[in-house]
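One file, final_16.cif, carrying mmCIF, C-alpha atoms and all ligand atoms:
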```cif
data_data
#
loop_
_atom_site.label_atom_id
_atom_site.label_comp_id
_atom_site.auth_asym_id
_atom_site.auth_seq_id
_atom_site.Cartn_x
_atom_site.Cartn_y
_atom_site.Cartn_z
CA MET A 13 57.30 233.75 2.51
CA ALA A 14 54.50 231.40 1.37
CA PRO A 15 54.00 228.29 3.47
CA HIS A 16 55.47 225.04 2.16
CA PRO A 17 52.93 222.33 1.36
CA GLU A 18 55.54 219.88 2.65
CA ARG A 19 58.94 220.93 3.87
CA GLU A 20 61.67 219.71 1.55
CA MET A 21 64.97 218.54 2.99
CA VAL A 22 68.09 219.27 0.98
CA PHE A 23 71.34 217.38 1.43
CA GLY A 24 74.08 218.65 -0.86
CA THR A 25 72.26 219.54 -4.07
CA GLN A 26 69.73 216.69 -3.93
CA PRO A 27 66.37 217.45 -2.37
CA ILE A 28 64.78 214.55 -0.51
CA ARG A 29 61.19 214.04 -1.57
CA ASP A 30 60.50 210.84 0.25
CA VAL A 31 57.11 211.60 1.69
CA GLN A 32 57.60 209.53 4.81
CA ILE A 33 60.93 211.14 5.67
CA VAL A 34 59.57 214.62 5.04
CA ARG A 35 56.53 213.81 7.19
CA LYS A 36 58.77 212.51 10.00
CA VAL A 37 60.89 215.66 9.87
CA ASN A 38 57.82 217.90 9.86
CA ARG A 39 56.39 215.99 12.80
CA GLY A 40 59.69 216.38 14.69
CA THR A 41 59.72 220.11 13.90
CA VAL A 42 56.19 220.66 15.22
CA LEU A 43 56.91 218.60 18.31
CA GLU A 44 60.16 220.46 19.01
CA LEU A 45 58.36 223.80 18.62
CA LEU A 46 55.74 222.69 21.14
CA ARG A 47 58.41 221.43 23.54
CA ARG A 48 60.36 224.66 23.50
CA LYS A 49 57.75 227.33 22.86
CA GLY A 50 54.38 225.77 23.75
CA PRO A 51 51.55 225.94 24.59
CA LEU A 52 50.50 227.30 21.18
CA SER A 53 47.42 227.48 19.01
CA ARG A 54 47.13 225.58 15.70
CA THR A 55 47.55 228.71 13.63
CA ALA A 56 50.56 229.90 15.64
CA ILE A 57 52.22 226.50 15.08
CA ALA A 58 51.51 226.52 11.34
CA ARG A 59 52.90 230.04 11.05
CA ALA A 60 56.04 229.23 13.03
CA VAL A 61 56.96 226.07 11.12
CA ARG A 62 55.85 227.50 7.75
CA LEU A 63 53.61 224.58 6.79
CA THR A 64 50.21 224.90 5.14
CA PRO A 65 47.40 224.76 7.70
CA PRO A 66 45.99 221.39 6.43
CA THR A 67 49.42 219.70 6.61
CA CYS A 68 50.21 221.22 9.98
CA PHE A 69 46.78 220.49 11.46
CA SER A 70 46.93 216.84 10.45
CA ILE A 71 50.35 216.55 12.13
CA ILE A 72 48.94 218.13 15.29
CA ASP A 73 46.01 215.67 15.23
CA GLU A 74 48.49 212.82 14.84
CA LEU A 75 50.57 214.08 17.78
CA VAL A 76 47.47 214.37 19.96
CA ALA A 77 46.27 210.88 18.93
CA SER A 78 49.66 209.40 19.85
CA GLY A 79 49.72 211.21 23.20
CA LEU A 80 52.78 213.34 22.39
CA ALA A 81 50.73 216.53 22.65
CA HIS A 82 47.46 217.42 24.25
CA CYS A 83 44.89 220.10 23.94
CA THR A 84 45.14 221.98 27.22
CA GLU A 85 42.41 224.56 26.98
CA THR A 86 40.11 226.26 24.61
CA ALA A 87 40.63 229.97 24.70
CA ARG A 88 37.88 232.18 23.33
CA SER A 89 39.43 234.83 21.11
CA ALA A 90 36.49 237.18 21.30
CA PRO A 91 34.46 237.59 19.29
CA GLY A 92 35.62 234.60 17.22
CA ARG A 93 35.29 230.89 17.72
CA PRO A 94 36.92 229.04 20.64
CA ARG A 95 40.63 228.42 20.00
CA ALA A 96 42.36 225.17 20.92
CA ILE A 97 45.74 225.45 22.64
CA PHE A 98 48.24 222.61 22.33
CA GLU A 99 50.99 221.54 24.70
CA PHE A 100 53.89 219.08 24.54
CA ASN A 101 53.43 216.02 26.76
CA PRO A 102 56.83 215.15 28.29
CA SER A 103 55.39 211.98 29.85
CA ALA A 104 54.47 210.41 26.51
CA ALA A 105 57.69 208.38 26.54
CA PHE A 106 60.67 207.71 28.78
CA SER A 107 64.25 206.56 28.38
CA LEU A 108 67.13 205.49 30.54
CA GLY A 109 70.63 206.93 30.34
CA VAL A 110 73.86 205.62 31.81
CA ASP A 111 77.24 207.33 32.00
CA LEU A 112 80.29 205.13 32.52
CA SER A 113 82.82 207.99 32.63
CA TYR A 114 83.22 208.82 36.29
CA ALA A 115 84.71 207.00 39.28
CA SER A 116 81.08 206.13 40.05
CA PHE A 117 78.71 205.10 37.27
CA VAL A 118 75.44 207.01 37.10
CA GLY A 119 72.10 206.02 35.62
CA VAL A 120 68.98 208.16 35.16
CA LEU A 121 65.37 207.79 34.09
CA THR A 122 64.20 210.80 32.07
CA ASN A 123 61.08 211.96 30.30
CA LEU A 124 60.98 213.62 26.87
CA SER A 125 61.96 216.98 28.41
CA GLY A 126 65.17 215.53 29.80
CA GLU A 127 63.90 215.83 33.39
CA VAL A 128 65.54 213.36 35.75
CA LEU A 129 62.85 211.26 37.44
CA GLU A 130 65.15 208.68 39.02
CA GLU A 131 68.91 208.70 39.62
CA ARG A 132 71.24 205.87 40.76
CA TRP A 133 74.97 205.89 41.46
CA GLN A 134 77.27 202.90 41.71
CA PRO A 135 81.01 202.85 42.45
CA ARG A 136 82.87 201.61 39.39
CA PRO A 137 83.83 197.93 39.75
CA ASP A 138 87.55 197.32 39.99
CA PRO A 139 88.55 196.14 37.44
CA PRO A 140 85.64 197.44 35.33
CA ASP A 141 85.33 194.30 33.21
CA VAL A 142 82.51 194.14 30.70
CA ASP A 143 80.54 191.40 32.50
CA ARG A 144 80.38 193.32 35.76
CA VAL A 145 79.42 196.56 34.03
CA ALA A 146 76.69 194.77 32.05
CA GLU A 147 75.42 193.22 35.30
CA TRP A 148 75.18 196.64 36.95
CA ILE A 149 73.33 198.12 33.95
CA SER A 150 70.90 195.16 34.00
CA ALA A 151 70.29 195.62 37.73
CA PHE A 152 69.81 199.36 37.22
CA VAL A 153 67.23 198.79 34.45
CA LYS A 154 65.29 196.28 36.59
CA ASP A 155 65.37 198.59 39.61
CA VAL A 156 64.25 201.73 37.78
CA SER A 157 61.61 199.86 35.77
CA ARG A 158 59.72 199.45 39.06
CA SER A 159 59.61 203.21 39.59
CA PRO A 160 56.09 204.53 40.15
CA ARG A 161 57.05 207.44 37.89
CA LEU A 162 57.48 205.15 34.86
CA ASP A 163 54.87 203.45 32.71
CA PRO A 164 56.98 200.46 31.47
CA ALA A 165 54.99 200.37 28.21
CA LYS A 166 56.37 203.83 27.43
CA LEU A 167 60.04 202.97 27.93
CA LEU A 168 61.80 203.47 24.58
CA GLY A 169 65.28 202.20 25.42
CA ILE A 170 68.58 203.02 27.04
CA GLY A 171 71.47 205.23 25.99
CA VAL A 172 74.98 204.55 27.23
CA SER A 173 77.61 207.28 27.41
CA THR A 174 81.11 205.80 27.35
CA PRO A 175 84.58 207.34 27.63
CA ALA A 176 85.55 205.49 24.47
CA LEU A 177 86.32 205.46 20.78
CA LEU A 178 83.26 203.92 19.04
CA ASP A 179 82.85 202.31 15.64
CA ALA A 180 81.13 204.16 12.80
CA GLY A 181 77.84 202.35 13.49
CA LEU A 182 77.92 203.42 17.18
CA GLU A 183 77.55 199.81 18.30
CA ARG A 184 81.01 198.70 19.39
CA VAL A 185 83.58 200.14 21.74
CA LEU A 186 86.78 200.06 19.72
CA ARG A 187 88.96 201.28 22.56
CA SER A 188 88.53 202.74 26.03
CA THR A 189 91.63 203.48 28.07
CA ASN A 190 89.43 204.63 30.93
CA LEU A 191 87.62 201.27 31.17
CA ASN A 192 90.49 199.21 29.75
CA TRP A 193 88.22 197.78 27.02
CA ARG A 194 89.09 196.83 23.46
CA ASP A 195 86.67 195.88 20.71
CA VAL A 196 83.58 195.22 22.84
CA PRO A 197 80.21 194.74 21.02
CA LEU A 198 78.51 196.61 23.86
CA ALA A 199 75.22 197.60 22.16
CA SER A 200 74.28 194.09 20.99
CA ARG A 201 75.43 192.53 24.23
CA LEU A 202 73.30 194.86 26.38
CA ALA A 203 70.31 194.66 24.01
CA GLU A 204 70.36 190.88 24.31
CA ALA A 205 70.55 191.01 28.11
CA LEU A 206 68.00 193.81 28.59
CA GLY A 207 65.48 193.21 25.83
CA ILE A 208 65.28 196.93 25.03
CA GLU A 209 66.92 199.19 22.45
CA VAL A 210 70.47 200.28 23.28
CA HIS A 211 72.22 203.32 21.84
CA LEU A 212 75.88 204.16 22.48
CA GLU A 213 77.60 207.53 22.36
CA ASN A 214 80.97 208.93 23.31
CA ASN A 215 80.72 210.78 26.63
CA ALA A 216 81.94 214.19 25.41
CA ARG A 217 79.30 214.10 22.68
CA ALA A 218 76.56 212.95 25.04
CA ILE A 219 77.38 215.90 27.34
CA ALA A 220 77.39 218.37 24.44
CA LEU A 221 74.00 217.10 23.25
CA ALA A 222 72.52 217.26 26.76
CA GLU A 223 73.65 220.86 27.23
CA ARG A 224 72.38 221.81 23.77
CA TRP A 225 68.97 220.14 24.21
CA PHE A 226 68.22 220.70 27.90
CA GLY A 227 71.01 222.74 29.44
CA VAL A 228 72.93 225.95 29.07
CA GLY A 229 73.23 225.86 25.24
CA GLN A 230 69.57 225.64 24.22
CA ASP A 231 69.66 228.87 22.25
CA VAL A 232 73.18 228.49 20.85
CA GLN A 233 73.75 227.15 17.34
CA HIS A 234 77.55 226.76 17.56
CA LEU A 235 78.81 225.27 20.78
CA ALA A 236 82.00 223.62 22.02
CA CYS A 237 81.65 221.47 25.11
CA ILE A 238 84.94 220.41 26.64
CA ASN A 239 85.16 217.47 29.00
CA ILE A 240 88.14 217.60 31.38
CA GLY A 241 88.52 214.50 33.51
CA MET A 242 90.77 211.47 33.42
CA GLY A 243 90.91 212.16 29.67
CA ILE A 244 90.25 215.34 27.69
CA SER A 245 87.75 215.51 24.85
CA MET A 246 85.28 217.84 23.21
CA GLY A 247 81.78 217.63 21.74
CA LEU A 248 81.00 220.07 18.96
CA ILE A 249 77.61 221.43 18.00
CA VAL A 250 77.58 223.10 14.59
CA ASN A 251 74.41 224.67 13.17
CA GLY A 252 72.53 223.22 16.13
CA MET A 253 73.59 219.64 15.43
CA LEU A 254 76.34 217.34 16.60
CA HIS A 255 79.42 217.46 14.37
CA ARG A 256 81.03 214.02 14.13
CA GLY A 257 83.49 214.49 11.28
CA VAL A 258 84.41 212.11 8.47
CA SER A 259 85.65 209.31 10.73
CA ILE A 260 83.12 210.22 13.49
CA HIS A 261 85.96 211.06 15.87
CA SER A 262 85.87 214.84 15.85
CA GLY A 263 86.69 216.75 19.01
CA GLU A 264 89.69 214.75 20.20
CA LEU A 265 91.28 217.78 21.85
CA GLY A 266 93.20 215.50 24.23
CA HIS A 267 95.08 214.08 21.26
CA THR A 268 96.27 217.35 19.84
CA ILE A 269 100.06 217.44 20.13
CA VAL A 270 101.46 220.04 22.51
CA ASP A 271 105.03 218.67 22.73
CA PRO A 272 106.32 216.54 19.80
CA THR A 273 109.22 215.32 21.96
CA GLY A 274 106.95 214.44 24.87
CA LEU A 275 105.80 211.16 26.38
CA PRO A 276 104.32 208.42 24.15
CA CYS A 277 100.52 208.48 24.14
CA ARG A 278 98.08 205.57 23.89
CA CYS A 279 97.12 206.87 20.43
CA GLY A 280 100.61 205.95 19.17
CA ARG A 281 102.01 209.47 18.93
CA HIS A 282 104.04 211.59 21.32
CA GLY A 283 103.26 214.62 23.47
CA CYS A 284 99.46 214.72 23.28
CA LEU A 285 97.65 217.14 25.59
CA GLU A 286 96.28 214.22 27.63
CA MET A 287 99.83 213.17 28.52
CA VAL A 288 100.45 216.46 30.34
CA ALA A 289 97.07 217.82 31.37
CA SER A 290 94.52 215.03 32.02
CA GLY A 291 93.55 213.60 35.40
CA ARG A 292 95.75 210.60 34.61
CA ALA A 293 98.74 212.88 33.89
CA ILE A 294 98.15 214.79 37.15
CA LEU A 295 98.13 211.55 39.17
CA HIS A 296 101.30 210.37 37.47
CA THR A 297 103.07 213.69 38.14
CA VAL A 298 102.22 213.94 41.85
CA ALA A 299 103.01 210.27 42.52
CA GLU A 300 106.41 210.60 40.83
CA ALA A 301 107.24 213.82 42.72
CA ILE A 302 106.37 212.19 46.07
CA ARG A 303 108.41 209.08 45.25
CA GLN A 304 111.35 211.38 44.59
CA GLY A 305 111.01 212.93 48.03
CA ARG A 306 108.72 215.92 47.54
CA SER A 307 106.58 216.50 50.62
CA SER A 308 102.80 216.79 50.29
CA THR A 309 99.66 216.29 52.36
CA LEU A 310 98.66 213.79 49.67
CA LEU A 311 100.94 211.11 51.09
CA ALA A 312 99.06 211.01 54.40
CA ALA A 313 95.70 211.20 52.58
CA ALA A 314 96.67 208.06 50.64
CA ASP A 315 97.86 206.20 53.78
CA GLY A 316 101.50 206.54 52.77
CA ASN A 317 101.16 204.91 49.32
CA PRO A 318 101.51 207.30 46.33
CA ALA A 319 99.78 204.68 44.12
CA HIS A 320 96.60 205.15 46.16
CA ILE A 321 96.28 208.88 45.50
CA THR A 322 93.00 209.68 43.71
CA ILE A 323 92.17 212.67 41.56
CA ASP A 324 89.64 213.86 44.15
CA MET A 325 92.40 213.90 46.79
CA VAL A 326 94.59 216.01 44.48
CA THR A 327 91.91 218.56 43.58
CA ARG A 328 90.90 218.92 47.23
CA ALA A 329 94.54 219.35 48.31
CA ALA A 330 95.08 221.90 45.53
CA ASP A 331 92.07 223.96 46.59
CA GLU A 332 93.29 223.74 50.22
CA GLY A 333 96.73 225.07 49.23
CA ASP A 334 99.02 222.02 49.17
CA PRO A 335 101.95 223.35 47.05
CA LEU A 336 102.61 220.15 45.02
CA ALA A 337 98.91 219.54 44.27
CA ARG A 338 98.36 223.20 43.50
CA GLU A 339 101.25 223.61 41.08
CA THR A 340 100.43 220.31 39.31
CA VAL A 341 96.74 221.12 38.83
CA LEU A 342 97.59 224.69 37.80
CA ALA A 343 100.16 223.52 35.20
CA ALA A 344 97.66 221.00 33.76
CA ALA A 345 94.80 223.52 33.63
CA THR A 346 97.07 226.10 31.99
CA LYS A 347 98.00 223.69 29.19
CA THR A 348 94.35 222.72 28.71
CA GLY A 349 93.33 226.38 28.70
CA TYR A 350 95.74 227.27 25.89
CA ALA A 351 94.88 224.17 23.83
CA LEU A 352 91.18 225.01 24.20
CA SER A 353 91.86 228.62 23.30
CA ASN A 354 93.59 227.54 20.07
CA ALA A 355 90.65 225.30 19.19
CA LEU A 356 88.16 228.11 19.85
CA VAL A 357 90.06 230.57 17.65
CA LEU A 358 89.72 228.00 14.85
CA LEU A 359 86.10 227.09 15.51
CA ASP A 360 84.64 230.55 16.28
CA THR A 361 81.82 229.11 18.42
CA GLY A 362 79.10 231.09 20.18
CA MET A 363 79.67 229.48 23.58
CA VAL A 364 82.08 227.18 25.37
CA VAL A 365 80.76 224.83 28.05
CA LEU A 366 83.16 223.36 30.60
CA SER A 367 82.38 219.91 31.94
CA GLY A 368 84.01 216.78 33.32
CA SER A 369 85.15 215.58 36.74
CA LEU A 370 88.05 218.05 37.03
CA ILE A 371 85.79 220.99 36.22
CA HIS A 372 83.20 219.86 38.76
CA SER A 373 85.68 219.02 41.54
CA SER A 374 88.45 221.62 41.12
CA HIS A 375 87.88 225.38 41.48
CA LEU A 376 91.48 225.93 40.42
CA THR A 377 90.98 224.05 37.12
CA PHE A 378 87.74 225.87 36.32
CA ASP A 379 89.06 229.33 37.20
CA THR A 380 92.33 228.82 35.32
CA VAL A 381 90.72 227.57 32.09
CA VAL A 382 88.08 230.32 32.15
CA ASP A 383 90.73 233.00 32.73
CA ILE A 384 92.94 231.82 29.85
CA VAL A 385 90.06 231.47 27.40
CA ARG A 386 88.66 234.90 28.27
CA ARG A 387 92.06 236.58 27.99
CA THR A 388 93.22 234.89 24.80
CA VAL A 389 90.15 234.17 22.69
CA LEU A 390 88.59 237.58 23.14
CA THR A 391 91.75 239.25 21.89
CA SER A 392 92.04 236.98 18.83
CA PRO A 393 91.69 238.75 15.48
CA ASN A 394 88.49 236.93 14.45
CA ARG A 395 86.52 237.51 17.64
CA THR A 396 84.20 240.48 17.67
CA GLU A 397 81.64 239.32 20.21
CA GLU A 398 81.70 238.23 23.82
CA LEU A 399 82.29 234.48 24.19
CA PRO A 400 80.30 233.01 27.09
CA VAL A 401 82.48 230.49 28.98
CA VAL A 402 80.18 228.59 31.32
CA ARG A 403 80.03 225.51 33.50
CA ALA A 404 77.79 222.66 32.28
CA ARG A 405 74.36 223.27 33.84
CA LEU A 406 73.52 219.58 34.09
CA GLY A 407 76.67 218.86 36.11
CA GLN A 408 77.76 215.27 36.50
CA LEU A 409 74.42 214.01 35.18
CA ALA A 410 74.96 215.60 31.74
CA GLY A 411 76.39 212.47 30.08
CA ALA A 412 73.58 210.22 31.35
CA ILE A 413 70.88 212.76 30.43
CA GLY A 414 72.40 213.17 26.96
CA ALA A 415 72.52 209.39 26.48
CA ALA A 416 68.83 209.09 27.40
CA GLY A 417 68.01 212.00 25.08
CA ILE A 418 69.74 210.22 22.17
CA VAL A 419 67.12 207.46 22.40
CA HIS A 420 64.33 210.04 22.03
CA GLN A 421 66.18 211.82 19.25
CA ARG A 422 66.72 208.68 17.20
CA ARG A 423 63.28 207.21 17.78
CA MET A 424 61.19 210.36 17.45
CA ALA A 425 63.28 212.87 15.45
CA LEU A 426 63.12 215.13 18.49
CA TYR A 427 65.39 217.97 19.61
CA ASP A 428 67.48 218.79 16.55
CA ALA A 429 65.93 217.22 13.48
CA VAL A 430 65.30 220.64 12.00
CA ARG A 431 65.96 224.08 13.38
CA VAL A 432 62.73 225.58 14.65
CA VAL A 433 61.65 228.56 12.61
CA HIS A 434 60.49 231.40 14.85
ZN ZN B 501 97.31 210.87 21.86
#
```
Before anything else, please render the file you have as structure tokens.
Amino acid sequence: MAPHPEREMVFGTQPIRDVQIVRKVNRGTVLELLRRKGPLSRTAIARAVRLTPPTCFSIIDELVASGLAHCTETARSAPGRPRAIFEFNPSAAFSLGVDLSYASFVGVLTNLSGEVLEERWQPRPDPPDVDRVAEWISAFVKDVSRSPRLDPAKLLGIGVSTPALLDAGLERVLRSTNLNWRDVPLASRLAEALGIEVHLENNARAIALAERWFGVGQDVQHLACINIGMGISMGLIVNGMLHRGVSIHSGELGHTIVDPTGLPCRCGRHGCLEMVASGRAILHTVAEAIRQGRSSTLLAAADGNPAHITIDMVTRAADEGDPLARETVLAAATKTGYALSNALVLLDTGMVVLSGSLIHSSHLTFDTVVDIVRRTVLTSPNRTEELPVVRARLGQLAGAIGAAGIVHQRRMALYDAVRVVH
């Protein structure tokens, strides 16, 4: 195919010919090619991205001038002229990422390759009111800004991964059961306090993006990333890009109904998966059973008060063989496994990534979900290929790394602006 003088973007039936947008997309495409496949020569880049040499070469010059790429060596392709080789520069810019999903908050400093240069953990304040959380994020930013690994002039901003329903503009937290927040203008509030750009994302989506950009799903175009913790949610990657849906709330697996006559859910309906299979549901079930006289090692672990049982205590007890903990975690994981299996039969993805605090802390949860998905999805009528079911490679840092990556993506059209042509 002949090279394009300028790549044309098509949305629906309308091509976009705005020169600046096309240039930005082309620049992102070249940069992403260098990040993933570099170092490369000028001609190899032009061939791979299917741009004319003059257009491509001027983009490469621009990337070198801005420090995003550098010329690493000049190879002599005998007997021809010396050949310049170009390489992505991951230290051209940095971002911070914070994940507010776990029992301890985590913040990271990353470069453009998603490498973690600094990492800080902080136990979640109790209660996690907005002022205290904002204070911790401010202290984290000040602390990490002094890192010798960061040039403060190259800090682009901070991304915040929240276990929350966000508004369409990704600026406000509409509701977070996990943090007990309602209608919080988090982005503007943090931007005012920190003096840097702030980007918000839902935690399941931040994890899915991190695994797609830097983790286990880098070569997968269709990916479902399930997050099993105190809540249950899913981030979907379709055609290499995040799928948000019409109301931007796609992937709410935890609010699919598994028992219409079941307990009322915070979403206003009855019998959602979260009410029977989330970390919160597990805690409720074991505490109730103990109050009704069931014996368990959990009671001693919580100093005799069922209200003090934590999810880590339950997963540990389950893996150590405590019957109540084991049967409760197994029942929850079984329900999640079948709900996920149903979703995967509908979605027909190329990979499923398991993440979240229950996946990372409970062997029983991980093994049970993997077993059900492998047994049921592979035997579904539409499945002809193996479905890799894998643990998130970035572990508990995935949400924070994804949040930091979102800053780079939005500022520099990096990572998934356009699929790289090989
Ligand atoms: Zn619900």
### Query
Of the residues A:Val232, A:Leu52, A:Leu124, A:Ala289, which is the one nearest to ligand ZN 501 (chain B), using only C-alpha atoms and all ligand atoms?
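Ranking A:Val232, A:Leu52, A:Leu124, A:Ala289 by distance to ligand ZN 501 (chain B), first place goes to A:Ala289.
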### Task
Have a look at atom CA of A:Ser107 and atom CA of A:Thr174 and let me know their distance in Å, one decimal.
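Computing the Euclidean distance for atom CA of A:Ser107 and atom CA of A:Thr174 yields 16.9 Å.
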#### Entry: Closest of A:Ala151, A:Ala56, A:Val61, A:Leu112 to A:Pro135 - atom-to-atom distances counting only C-alpha atoms
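Looking only at the distances to A:Pro135, the closest residue turns out to be A:Leu112.
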Give me, as a Markdown table, each residue of chain A that comes within 8 Å of ligand ZN 501 (chain B), together with its shortest interatomic pair and the distance in Å at one decimal, counting all atoms listed in the file, with rows ordered by chain and rising residue number.
```
| residue | atom | partner | partner_atom | distance |
| --- | --- | --- | --- | --- |
| A:Gly266 | CA | B:ZN501 | ZN | 6.6 |
| A:His267 | CA | B:ZN501 | ZN | 4.0 |
| A:Thr268 | CA | B:ZN501 | ZN | 6.9 |
| A:Ile269 | CA | B:ZN501 | ZN | 7.3 |
| A:Pro276 | CA | B:ZN501 | ZN | 7.8 |
| A:Cys277 | CA | B:ZN501 | ZN | 4.6 |
| A:Arg278 | CA | B:ZN501 | ZN | 5.7 |
| A:Cys279 | CA | B:ZN501 | ZN | 4.3 |
| A:Gly280 | CA | B:ZN501 | ZN | 6.5 |
| A:Arg281 | CA | B:ZN501 | ZN | 5.7 |
| A:His282 | CA | B:ZN501 | ZN | 6.8 |
| A:Gly283 | CA | B:ZN501 | ZN | 7.2 |
| A:Cys284 | CA | B:ZN501 | ZN | 4.6 |
| A:Leu285 | CA | B:ZN501 | ZN | 7.3 |
| A:Glu286 | CA | B:ZN501 | ZN | 6.8 |
| A:Met287 | CA | B:ZN501 | ZN | 7.5 |
```
For the selection you just gave me, I'd like the residues written to a file as a PDB file, keeping the file's coordinate frame, keeping C-alpha atoms.
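New file result-v8.pdb:
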```
ATOM      1  CA  GLY A 266      93.200 215.500  24.230  1.00  0.00           C
ATOM      2  CA  HIS A 267      95.080 214.080  21.260  1.00  0.00           C
ATOM      3  CA  THR A 268      96.270 217.350  19.840  1.00  0.00           C
ATOM      4  CA  ILE A 269     100.060 217.440  20.130  1.00  0.00           C
ATOM      5  CA  PRO A 276     104.320 208.420  24.150  1.00  0.00           C
ATOM      6  CA  CYS A 277     100.520 208.480  24.140  1.00  0.00           C
ATOM      7  CA  ARG A 278      98.080 205.570  23.890  1.00  0.00           C
ATOM      8  CA  CYS A 279      97.120 206.870  20.430  1.00  0.00           C
ATOM      9  CA  GLY A 280     100.610 205.950  19.170  1.00  0.00           C
ATOM     10  CA  ARG A 281     102.010 209.470  18.930  1.00  0.00           C
ATOM     11  CA  HIS A 282     104.040 211.590  21.320  1.00  0.00           C
ATOM     12  CA  GLY A 283     103.260 214.620  23.470  1.00  0.00           C
ATOM     13  CA  CYS A 284      99.460 214.720  23.280  1.00  0.00           C
ATOM     14  CA  LEU A 285      97.650 217.140  25.590  1.00  0.00           C
ATOM     15  CA  GLU A 286      96.280 214.220  27.630  1.00  0.00           C
ATOM     16  CA  MET A 287      99.830 213.170  28.520  1.00  0.00           C
TER      17      MET A 287
END
```
### Message
List as a ChimeraX atom specification the residues having at least one atom at most 12 Å from position (71.3, 209.7, 16.3) as given in the file, counting only C-alpha atoms.
### Response
/A:171,180-183,210-214,217-218,221,253-256,414-429
### Task
Please identify all polymer residues lying at most 9 Å from the point (92.2, 214.0, 35.6) (file coordinates), using only C-alpha atoms, and present the result as a list in words.
Ile240, Gly241, Met242, Gly243, Ile244, Glu286, Ala289, Ser290, Gly291, Arg292, Ala293, Ile294, Leu295, Ile323, Asp324, Gly368, Ser369 and Leu370 of chain A
### Task
Identify, on the basis of all atoms listed in the file, every residue whose closest approach to stretch 193-203 of chain A does not exceed 10 Å; exclude the query and any residue fewer than 3 positions from it along the same chain; express the result as a ChimeraX atom specification.
/A:140-143,145-147,149-150,169-172,176-179,182-190,206-212
Once you add 3 Å to each side, what are the centre and edge lengths of the axis-aligned box holding all listed atoms of stretch 150-168 of chain A? One decimal in Å, as JSON, if you can.
```
{"center_x": 62.9, "center_y": 201.3, "center_z": 32.4, "size_x": 22.0, "size_y": 18.3, "size_z": 21.6}
```
#### Entry: stretch 326-343 of chain A environment, 7 Å, all atoms listed in the file, sequence neighbours closer than 3 positions dropped, as JSON, numbers by chain
{"A": [294, 298, 308, 309, 310, 322, 323, 346, 347, 373, 374, 375, 376, 377]}
Could you please take those selected residues and save C-alpha atoms as a PDB file, in the frame of the given file?
```pdb
ATOM      1  CA  ILE A 294      98.150 214.790  37.150  1.00  0.00           C
ATOM      2  CA  VAL A 298     102.220 213.940  41.850  1.00  0.00           C
ATOM      3  CA  SER A 308     102.800 216.790  50.290  1.00  0.00           C
ATOM      4  CA  THR A 309      99.660 216.290  52.360  1.00  0.00           C
ATOM      5  CA  LEU A 310      98.660 213.790  49.670  1.00  0.00           C
ATOM      6  CA  THR A 322      93.000 209.680  43.710  1.00  0.00           C
ATOM      7  CA  ILE A 323      92.170 212.670  41.560  1.00  0.00           C
ATOM      8  CA  THR A 346      97.070 226.100  31.990  1.00  0.00           C
ATOM      9  CA  LYS A 347      98.000 223.690  29.190  1.00  0.00           C
ATOM     10  CA  SER A 373      85.680 219.020  41.540  1.00  0.00           C
ATOM     11  CA  SER A 374      88.450 221.620  41.120  1.00  0.00           C
ATOM     12  CA  HIS A 375      87.880 225.380  41.480  1.00  0.00           C
ATOM     13  CA  LEU A 376      91.480 225.930  40.420  1.00  0.00           C
ATOM     14  CA  THR A 377      90.980 224.050  37.120  1.00  0.00           C
TER      15      THR A 377
END
```
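Distance-wise, atom CA of A:Val270 and atom CA of A:Tyr350 end up 9.8 Å apart.
When only C-alpha atoms are used to measure the gap to A:Cys68, the shortest distance among A:Ala165, A:Val37, A:Val42, A:Val120 belongs to A:Val42.
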Pull the closest atom pair for each residue of stretch 200-315 of chain A that gets at most 12 Å from stretch 43-48 of chain A, along with the distance in Å to one decimal, counting all atoms listed in the file, ordering rows by chain and then ascending residue number, as CSV.
```
residue,atom,partner,partner_atom,distance
A:Trp225,CA,A:Arg48,CA,9.8
A:Phe226,CA,A:Arg48,CA,9.8
A:Gln230,CA,A:Arg48,CA,9.3
A:Asp231,CA,A:Arg48,CA,10.3
```
